[in-house]
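Data block for run.cif (mmCIF, C-alpha atoms and all ligand atoms):
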```cif
data_model
#
loop_
_atom_site.label_atom_id
_atom_site.label_comp_id
_atom_site.auth_asym_id
_atom_site.auth_seq_id
_atom_site.Cartn_x
_atom_site.Cartn_y
_atom_site.Cartn_z
CA MET A 1 -6.25 10.32 10.29
CA ILE A 2 -9.98 11.02 10.12
CA ALA A 3 -11.92 8.05 8.79
CA ALA A 4 -14.25 9.01 5.94
CA SER A 5 -17.11 7.41 7.84
CA ASP A 6 -16.56 10.05 10.57
CA ALA A 7 -17.06 12.67 7.89
CA GLY A 8 -20.32 11.04 6.82
CA GLU A 9 -18.83 9.29 3.79
CA ASP A 10 -18.37 5.65 3.04
CA ALA A 11 -17.29 3.71 0.02
CA ARG A 12 -20.85 3.21 -1.19
CA SER A 13 -21.73 6.93 -1.31
CA LEU A 14 -18.64 7.88 -3.31
CA SER A 15 -18.75 8.24 -7.06
CA VAL A 16 -15.03 7.56 -7.71
CA LYS A 17 -14.76 4.36 -9.74
CA GLN A 18 -13.64 1.45 -7.57
CA LEU A 19 -12.27 -1.62 -9.34
CA GLN A 20 -11.64 -4.85 -7.45
CA THR A 21 -10.74 -7.19 -10.27
CA ILE A 22 -8.00 -7.29 -12.90
CA ARG A 23 -10.65 -7.84 -15.52
CA ASP A 24 -12.45 -4.61 -14.54
CA VAL A 25 -9.18 -2.67 -14.68
CA ARG A 26 -8.43 -4.00 -18.16
CA GLU A 27 -11.90 -3.02 -19.30
CA PHE A 28 -11.63 0.50 -17.81
CA VAL A 29 -8.14 1.13 -19.16
CA GLY A 30 -9.02 -0.39 -22.54
CA ALA A 31 -11.97 1.99 -22.92
CA ALA A 32 -9.85 4.99 -21.85
CA ARG A 33 -7.16 4.08 -24.38
CA THR A 34 -9.68 3.61 -27.15
CA ALA A 35 -10.86 7.13 -26.36
CA GLY A 36 -7.25 8.29 -26.86
CA ARG A 37 -6.60 8.94 -23.18
CA ARG A 38 -3.12 8.53 -21.69
CA ILE A 39 -3.05 6.68 -18.39
CA GLY A 40 -1.05 7.94 -15.38
CA PHE A 41 -0.64 5.36 -12.65
CA VAL A 42 0.11 5.84 -8.94
CA PRO A 43 0.69 2.58 -7.04
CA THR A 44 0.19 2.90 -3.25
CA MET A 45 -0.48 0.89 -0.14
CA GLY A 46 -3.17 3.35 0.96
CA ALA A 47 -3.41 5.42 4.15
CA LEU A 48 -3.06 8.27 1.68
CA HIS A 49 -1.42 11.53 2.70
CA GLU A 50 -0.14 14.65 0.94
CA GLY A 51 2.85 12.70 -0.40
CA HIS A 52 0.50 10.39 -2.28
CA PHE A 53 -1.78 13.26 -3.31
CA SER A 54 1.17 15.14 -4.79
CA LEU A 55 1.90 12.09 -6.98
CA ILE A 56 -1.76 11.94 -7.98
CA ARG A 57 -1.76 15.64 -8.90
CA THR A 58 1.38 15.20 -10.98
CA ALA A 59 -0.18 12.13 -12.63
CA ARG A 60 -3.26 14.14 -13.48
CA SER A 61 -1.20 16.99 -14.88
CA GLN A 62 0.92 14.64 -17.03
CA SER A 63 -1.82 12.32 -18.31
CA ASP A 64 -5.50 12.25 -19.11
CA THR A 65 -6.74 9.65 -16.64
CA ALA A 66 -5.16 8.91 -13.26
CA VAL A 67 -5.42 5.36 -11.93
CA VAL A 68 -4.45 4.75 -8.30
CA SER A 69 -3.91 1.31 -6.81
CA ILE A 70 -4.36 0.67 -3.10
CA PHE A 71 -2.91 -2.68 -2.15
CA VAL A 72 -1.02 -3.59 1.02
CA ASN A 73 1.24 -6.08 -0.68
CA PRO A 74 1.98 -8.98 1.68
CA THR A 75 5.04 -10.18 -0.27
CA GLN A 76 7.04 -7.06 0.54
CA PHE A 77 6.67 -7.41 4.32
CA GLY A 78 9.03 -9.52 6.37
CA PRO A 79 7.66 -11.99 8.95
CA ASN A 80 8.26 -9.56 11.83
CA GLU A 81 7.10 -6.45 10.02
CA ASP A 82 3.86 -4.49 10.25
CA TYR A 83 1.73 -6.15 7.53
CA GLN A 84 -1.15 -6.90 9.90
CA ARG A 85 -1.22 -3.52 11.60
CA TYR A 86 -0.50 -1.42 8.50
CA PRO A 87 -3.26 1.28 8.45
CA ARG A 88 -6.12 0.58 6.02
CA PRO A 89 -8.51 3.59 6.12
CA ILE A 90 -10.11 2.65 2.81
CA ASP A 91 -13.13 4.97 3.02
CA ALA A 92 -10.95 8.02 3.69
CA ASP A 93 -8.61 6.95 0.88
CA LEU A 94 -11.45 6.63 -1.61
CA ALA A 95 -12.81 10.03 -0.53
CA GLY A 96 -9.32 11.50 -1.08
CA CYS A 97 -9.09 9.93 -4.55
CA GLU A 98 -12.51 11.29 -5.42
CA ARG A 99 -11.52 14.77 -4.22
CA GLU A 100 -8.34 14.61 -6.33
CA GLY A 101 -10.24 13.65 -9.49
CA VAL A 102 -8.82 10.14 -9.82
CA GLY A 103 -10.34 8.22 -12.75
CA ALA A 104 -10.35 4.83 -11.05
CA VAL A 105 -9.02 3.20 -7.90
CA PHE A 106 -7.86 -0.40 -8.13
CA CYS A 107 -8.21 -2.09 -4.71
CA PRO A 108 -7.65 -5.79 -5.32
CA SER A 109 -7.83 -8.50 -2.68
CA VAL A 110 -4.73 -10.56 -1.93
CA GLN A 111 -6.52 -13.48 -3.61
CA GLU A 112 -7.02 -11.42 -6.79
CA MET A 113 -3.31 -10.52 -6.97
CA TYR A 114 -1.95 -13.89 -5.82
CA PRO A 115 -4.51 -16.60 -6.68
CA THR A 116 -1.79 -19.25 -6.64
CA ARG A 117 1.71 -19.36 -5.25
CA ALA A 118 3.63 -17.53 -7.97
CA LEU A 119 6.76 -19.15 -9.37
CA THR A 120 8.03 -15.96 -10.97
CA THR A 121 9.85 -13.22 -9.10
CA VAL A 122 11.52 -10.05 -10.34
CA ALA A 123 14.76 -9.48 -8.44
CA LEU A 124 17.52 -6.89 -8.83
CA PRO A 125 20.14 -8.18 -6.38
CA ALA A 126 22.77 -5.64 -7.46
CA LEU A 127 20.52 -2.82 -6.26
CA THR A 128 19.61 -4.37 -2.91
CA ARG A 129 23.08 -4.72 -1.38
CA THR A 130 22.93 -1.33 0.38
CA LEU A 131 20.38 0.81 2.23
CA CYS A 132 17.19 -1.09 3.06
CA GLY A 133 18.17 -4.23 1.13
CA PRO A 134 20.19 -6.04 3.83
CA HIS A 135 17.74 -4.97 6.56
CA ARG A 136 14.62 -6.13 4.75
CA PRO A 137 15.51 -9.40 3.01
CA GLY A 138 13.12 -10.13 0.14
CA HIS A 139 11.41 -6.74 0.43
CA PHE A 140 12.51 -5.39 -2.93
CA ASP A 141 11.76 -8.67 -4.70
CA GLY A 142 8.22 -8.25 -3.38
CA VAL A 143 8.13 -4.62 -4.52
CA ALA A 144 9.60 -5.21 -7.99
CA THR A 145 7.34 -8.19 -8.59
CA VAL A 146 4.13 -6.47 -7.52
CA VAL A 147 5.01 -3.32 -9.49
CA ALA A 148 5.69 -5.47 -12.57
CA LYS A 149 2.32 -7.17 -12.08
CA LEU A 150 0.53 -3.84 -11.59
CA PHE A 151 2.19 -2.48 -14.75
CA GLN A 152 0.94 -5.53 -16.66
CA ILE A 153 -2.56 -5.05 -15.28
CA VAL A 154 -2.88 -1.26 -15.67
CA GLN A 155 -0.56 -0.80 -18.66
CA PRO A 156 0.01 2.87 -17.87
CA ASP A 157 1.81 5.34 -20.12
CA ARG A 158 3.47 6.89 -17.08
CA ALA A 159 3.88 5.74 -13.49
CA PHE A 160 4.60 8.05 -10.57
CA PHE A 161 6.80 7.24 -7.57
CA GLY A 162 8.13 9.28 -4.64
CA GLN A 163 11.76 10.10 -3.96
CA LYS A 164 10.91 9.34 -0.33
CA ASP A 165 11.47 5.66 -1.20
CA TYR A 166 14.63 6.37 -3.14
CA GLN A 167 15.93 2.82 -3.46
CA GLN A 168 12.51 1.68 -4.67
CA SER A 169 12.48 4.39 -7.34
CA VAL A 170 15.93 3.34 -8.62
CA ILE A 171 14.88 -0.32 -8.67
CA VAL A 172 11.63 0.37 -10.54
CA ARG A 173 13.39 2.54 -13.13
CA ARG A 174 16.00 -0.16 -13.72
CA MET A 175 13.44 -2.95 -13.94
CA VAL A 176 11.49 -0.95 -16.53
CA ALA A 177 14.67 -0.35 -18.56
CA ASP A 178 15.99 -3.93 -18.30
CA LEU A 179 12.65 -5.55 -19.15
CA ASN A 180 11.67 -3.02 -21.85
CA MET A 181 8.42 -2.20 -20.10
CA PRO A 182 6.54 0.43 -22.15
CA VAL A 183 6.03 2.84 -19.27
CA GLU A 184 7.76 6.07 -18.33
CA VAL A 185 8.73 6.25 -14.66
CA VAL A 186 8.43 9.70 -13.09
CA VAL A 187 10.00 10.29 -9.67
CA CYS A 188 8.47 13.13 -7.66
CA PRO A 189 9.99 15.08 -4.74
CA THR A 190 9.46 14.05 -1.13
CA VAL A 191 6.58 15.91 0.51
CA ARG A 192 7.30 16.96 4.08
CA GLU A 193 5.42 18.28 7.09
CA ALA A 194 6.01 21.99 7.78
CA ASP A 195 8.84 21.11 10.19
CA GLY A 196 10.62 18.85 7.69
CA LEU A 197 9.46 15.34 8.68
CA ALA A 198 8.92 13.29 5.52
CA MET A 199 5.26 12.31 5.24
CA SER A 200 4.65 8.61 5.65
CA SER A 201 1.68 6.37 6.37
CA ARG A 202 3.79 5.01 9.24
CA ASN A 203 3.95 8.42 10.94
CA ALA A 204 0.49 7.51 12.28
CA TYR A 205 2.25 5.04 14.62
CA LEU A 206 4.35 7.75 16.30
CA SER A 207 3.60 8.98 19.84
CA ALA A 208 4.11 12.70 20.54
CA GLU A 209 7.58 11.99 21.90
CA ASP A 210 8.45 9.69 18.94
CA ARG A 211 7.25 12.42 16.60
CA ARG A 212 9.58 14.96 18.22
CA GLN A 213 12.47 12.52 17.95
CA ALA A 214 11.61 11.66 14.32
CA LEU A 215 12.39 15.22 13.31
CA SER A 216 16.08 14.44 13.81
CA LEU A 217 16.14 12.41 10.56
CA SER A 218 15.34 15.30 8.24
CA GLN A 219 17.31 17.76 10.36
CA ALA A 220 20.42 15.58 10.18
CA LEU A 221 20.01 15.03 6.42
CA PHE A 222 19.44 18.72 5.71
CA ALA A 223 22.53 19.61 7.75
CA ALA A 224 24.53 17.10 5.70
CA ARG A 225 23.17 18.55 2.46
CA ASP A 226 24.19 22.05 3.61
CA GLN A 227 27.68 20.80 4.35
CA VAL A 228 28.02 19.26 0.91
CA ALA A 229 26.87 22.55 -0.60
CA ALA A 230 29.60 24.25 1.46
CA GLY A 231 32.25 21.93 0.00
CA GLN A 232 32.36 18.89 2.31
CA ARG A 233 33.20 15.77 0.25
CA ASP A 234 34.00 13.29 3.00
CA ALA A 235 30.93 11.03 3.01
CA LEU A 236 32.10 9.02 6.02
CA ALA A 237 32.38 12.18 8.13
CA LEU A 238 28.91 13.25 7.02
CA VAL A 239 27.43 9.88 7.93
CA GLN A 240 29.10 10.01 11.37
CA GLN A 241 27.56 13.42 12.02
CA ILE A 242 24.15 12.21 10.90
CA ARG A 243 24.39 9.27 13.31
CA ARG A 244 25.40 11.52 16.19
CA HIS A 245 22.63 13.98 15.43
CA ILE A 246 19.94 11.26 15.36
CA GLN A 247 21.28 9.47 18.43
CA SER A 248 21.36 12.71 20.42
CA ALA A 249 17.59 13.12 19.86
CA GLY A 250 16.77 10.07 22.01
CA PRO A 251 16.84 6.28 22.15
CA CYS A 252 16.55 4.70 18.70
CA ARG A 253 18.08 2.05 16.50
CA ILE A 254 19.78 3.28 13.35
CA ASP A 255 19.46 0.54 10.71
CA TYR A 256 21.77 2.52 8.48
CA ALA A 257 23.03 5.97 7.57
CA GLU A 258 24.72 5.67 4.18
CA CYS A 259 25.97 7.70 1.26
CA VAL A 260 25.49 5.85 -2.03
CA ASP A 261 25.91 6.57 -5.72
CA ALA A 262 22.57 8.01 -6.86
CA ALA A 263 22.41 5.75 -9.93
CA ASP A 264 23.74 2.35 -8.86
CA LEU A 265 23.41 2.66 -5.05
CA THR A 266 26.99 1.54 -4.38
CA PRO A 267 28.53 2.89 -1.13
CA GLN A 268 30.63 6.04 -1.46
CA SER A 269 33.30 7.32 0.90
CA GLN A 270 33.80 10.52 -1.10
CA ILE A 271 31.20 12.63 -2.84
CA THR A 272 32.48 12.96 -6.38
CA GLY A 273 29.16 12.94 -8.25
CA PRO A 274 25.41 12.63 -7.64
CA CYS A 275 24.80 10.73 -4.37
CA ALA A 276 21.90 9.87 -2.12
CA ILE A 277 22.40 10.17 1.60
CA ALA A 278 19.79 7.98 3.24
CA VAL A 279 18.82 6.80 6.71
CA ALA A 280 16.52 4.22 8.25
CA VAL A 281 15.84 4.56 11.95
CA ARG A 282 13.63 2.65 14.35
CA ILE A 283 11.99 4.88 16.92
CA GLY A 284 9.99 2.72 19.29
CA ALA A 285 8.25 0.16 17.06
CA THR A 286 8.24 2.45 14.01
CA ARG A 287 10.77 2.25 11.22
CA LEU A 288 11.26 5.54 9.37
CA ILE A 289 13.29 6.27 6.24
CA ASP A 290 14.37 9.50 4.62
CA ASN A 291 17.00 10.71 2.14
CA VAL A 292 18.46 13.73 0.37
CA LEU A 293 20.20 13.96 -2.98
CA VAL A 294 23.57 15.75 -3.05
CA GLY A 295 26.46 16.39 -5.38
P1 LIG A 301 3.38 3.71 -0.16
O1 LIG A 301 1.89 3.83 -0.03
O2 LIG A 301 4.11 4.05 1.09
O3 LIG A 301 3.80 2.40 -0.79
O4 LIG A 301 3.82 4.83 -1.18
C1 LIG A 301 3.27 4.91 -2.46
C2 LIG A 301 4.03 5.91 -3.28
O5 LIG A 301 3.98 7.18 -2.63
C3 LIG A 301 5.52 5.56 -3.40
O6 LIG A 301 5.97 5.87 -4.72
C4 LIG A 301 6.15 6.46 -2.38
O7 LIG A 301 7.51 6.78 -2.67
C5 LIG A 301 5.29 7.68 -2.48
N1 LIG A 301 5.39 8.47 -1.26
C6 LIG A 301 5.21 8.06 0.03
N2 LIG A 301 5.47 9.06 0.89
C7 LIG A 301 5.82 10.14 0.12
C8 LIG A 301 6.21 11.49 0.41
N3 LIG A 301 6.29 11.94 1.67
N4 LIG A 301 6.51 12.30 -0.62
C9 LIG A 301 6.44 11.86 -1.91
N5 LIG A 301 6.07 10.60 -2.24
C10 LIG A 301 5.76 9.75 -1.25
#
```
Represent the supplied structure as structure tokens.
Ligand code: AMP
Amino acid sequence: MIAASDAGEDARSLSVKQLQTIRDVREFVGAARTAGRRIGFVPTMGALHEGHFSLIRTARSQSDTAVVSIFVNPTQFGPNEDYQRYPRPIDADLAGCEREGVGAVFCPSVQEMYPTRALTTVALPALTRTLCGPHRPGHFDGVATVVAKLFQIVQPDRAFFGQKDYQQSVIVRRMVADLNMPVEVVVCPTVREADGLAMSSRNAYLSAEDRRQALSLSQALFAARDQVAAGQRDALALVQQIRRHIQSAGPCRIDYAECVDAADLTPQSQITGPCAIAVAVRIGATRLIDNVLVG
């Protein structure tokens, strides 16, 4: 990724509104609301790519003011995960937000978001028993809690999430429904590179060889989707083929390849209704996820 400073831009020369405090966000959003503007919110961890920009464009098209948050949330990273090395090209991200016509970017410090050790957590254990849940203990509690906090801070009319993180999107929708949060959750399609690789901030970690190998995820998932379209209903057979396909691309560790009910994420052995087929694979030190919806 090209740093904005390389392009002669830095945070100070940009005119996009940057908000560091919760108080400033409340003031900005309050003024927008008073002016009758509907707020579209896109929460991110930064290192913005076309996947994020597609959410921002949809937010702009479905609301009057787009607010983007950029916060690498420590509570959703496990102790051996990549919190420290997660890419943080803030100047390039702000330049991207400016280019996309974002109304304001909320980039809080960890101290601003977590001034004291919080005693409240939002958890949806029934939705974390499959897919990434068992492999990333506590991750979705961190996600649900920070999204709930961000919703309280920004109070958006609509919030935009990517299908790329399918389990996250199901969890956020359910949290909003269960807790009567006055926000409409919009899930947008996964944006891919021309060859099919799902865009991800973590793709920046991949070597050329890793990148070649990473293509096997989308290829295997697309092949499975084609088979379902052709009448295959045996989810276990599909998952076996996906595993073989990914393993044949080179050395890797498959955290999971699973077919789950699209609504409640329970494991399925037969495809009898809407399902998500999802994979998480470690290639070198990089963990990649991808999914397709079938049935
Ligand atoms: P992240 O910065 O990875 O936390 O992602 C922020 C939002 O962007 C989440 O709702 C993601 O699902 C979404 N997102 C990330 N990658 C993609 C992609 N390739 N296509 C669509 N949405 C994405």
| Nearby residues, ligand LIG 301 (chain A), 6 Å, all atoms listed in the file, as a list in words | Pro43, Thr44, Met45, Gly46, Gly51, His52, Phe161, Gly162, Gln163, Lys164, Asp165, Pro189, Thr190, Val191, Arg192, Ala198, Met199 and Ser200 of chain A
| query | If you measure from CA of Ala177 in chain A to CA of Arg37 in chain A, what distance in Å do you get, rounded to one decimal? | reply | 23.7 Å
| said: Which residues are close to range 241-252 of chain A, i.e. within 10 Å by all atoms listed in the file, leaving aside same-chain residues fewer than 6 positions away? Reply as a VMD selection string. | reply: chain A and resid 209 to 210 212 to 224 235 258 277 to 279 281 to 287
Selected residues written out with C-alpha atoms, as a short mmCIF file (atom, residue, chain, number, x, y, z; two decimals), keeping the file's coordinate frame:
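So out01.cif came out as:
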```
data_model
loop_
_atom_site.label_atom_id
_atom_site.label_comp_id
_atom_site.auth_asym_id
_atom_site.auth_seq_id
_atom_site.Cartn_x
_atom_site.Cartn_y
_atom_site.Cartn_z
CA GLU A 209 7.58 11.99 21.90
CA ASP A 210 8.45 9.69 18.94
CA ARG A 212 9.58 14.96 18.22
CA GLN A 213 12.47 12.52 17.95
CA ALA A 214 11.61 11.66 14.32
CA LEU A 215 12.39 15.22 13.31
CA SER A 216 16.08 14.44 13.81
CA LEU A 217 16.14 12.41 10.56
CA SER A 218 15.34 15.30 8.24
CA GLN A 219 17.31 17.76 10.36
CA ALA A 220 20.42 15.58 10.18
CA LEU A 221 20.01 15.03 6.42
CA PHE A 222 19.44 18.72 5.71
CA ALA A 223 22.53 19.61 7.75
CA ALA A 224 24.53 17.10 5.70
CA ALA A 235 30.93 11.03 3.01
CA GLU A 258 24.72 5.67 4.18
CA ILE A 277 22.40 10.17 1.60
CA ALA A 278 19.79 7.98 3.24
CA VAL A 279 18.82 6.80 6.71
CA VAL A 281 15.84 4.56 11.95
CA ARG A 282 13.63 2.65 14.35
CA ILE A 283 11.99 4.88 16.92
CA GLY A 284 9.99 2.72 19.29
CA ALA A 285 8.25 0.16 17.06
CA THR A 286 8.24 2.45 14.01
CA ARG A 287 10.77 2.25 11.22
#
```
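Here the question is which of A:Asp24, A:Glu81, A:Asp91, A:Asp64 gets nearest to Gly103 in chain A using only C-alpha atoms, and that residue is A:Asp64.
Note that CA of Gln76 in chain A and CA of Thr266 in chain A are 22.3 Å apart.
You can rank A:Val67, A:Gly138, A:Arg99, A:Ala229 by their closest distance to Pro79 in chain A using all atoms listed in the file, and at the top of that list sits A:Gly138.
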| message | Can you tell me which residues surround Pro74 in chain A at a distance of at most 9 Å, considering only C-alpha atoms, apart from same-chain residues fewer than 5 positions away, and format the answer as an MDAnalysis selection string? | response | chainID A and resid 83 110 142
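Proximity of A:Gln152, A:Gln167, A:Thr145, A:Thr58 to Arg129 in chain A, computed with all atoms listed in the file, is greatest for A:Gln167.
If you look at CA of Gly133 in chain A and CA of Val68 in chain A, they are 26.1 Å away from each other.
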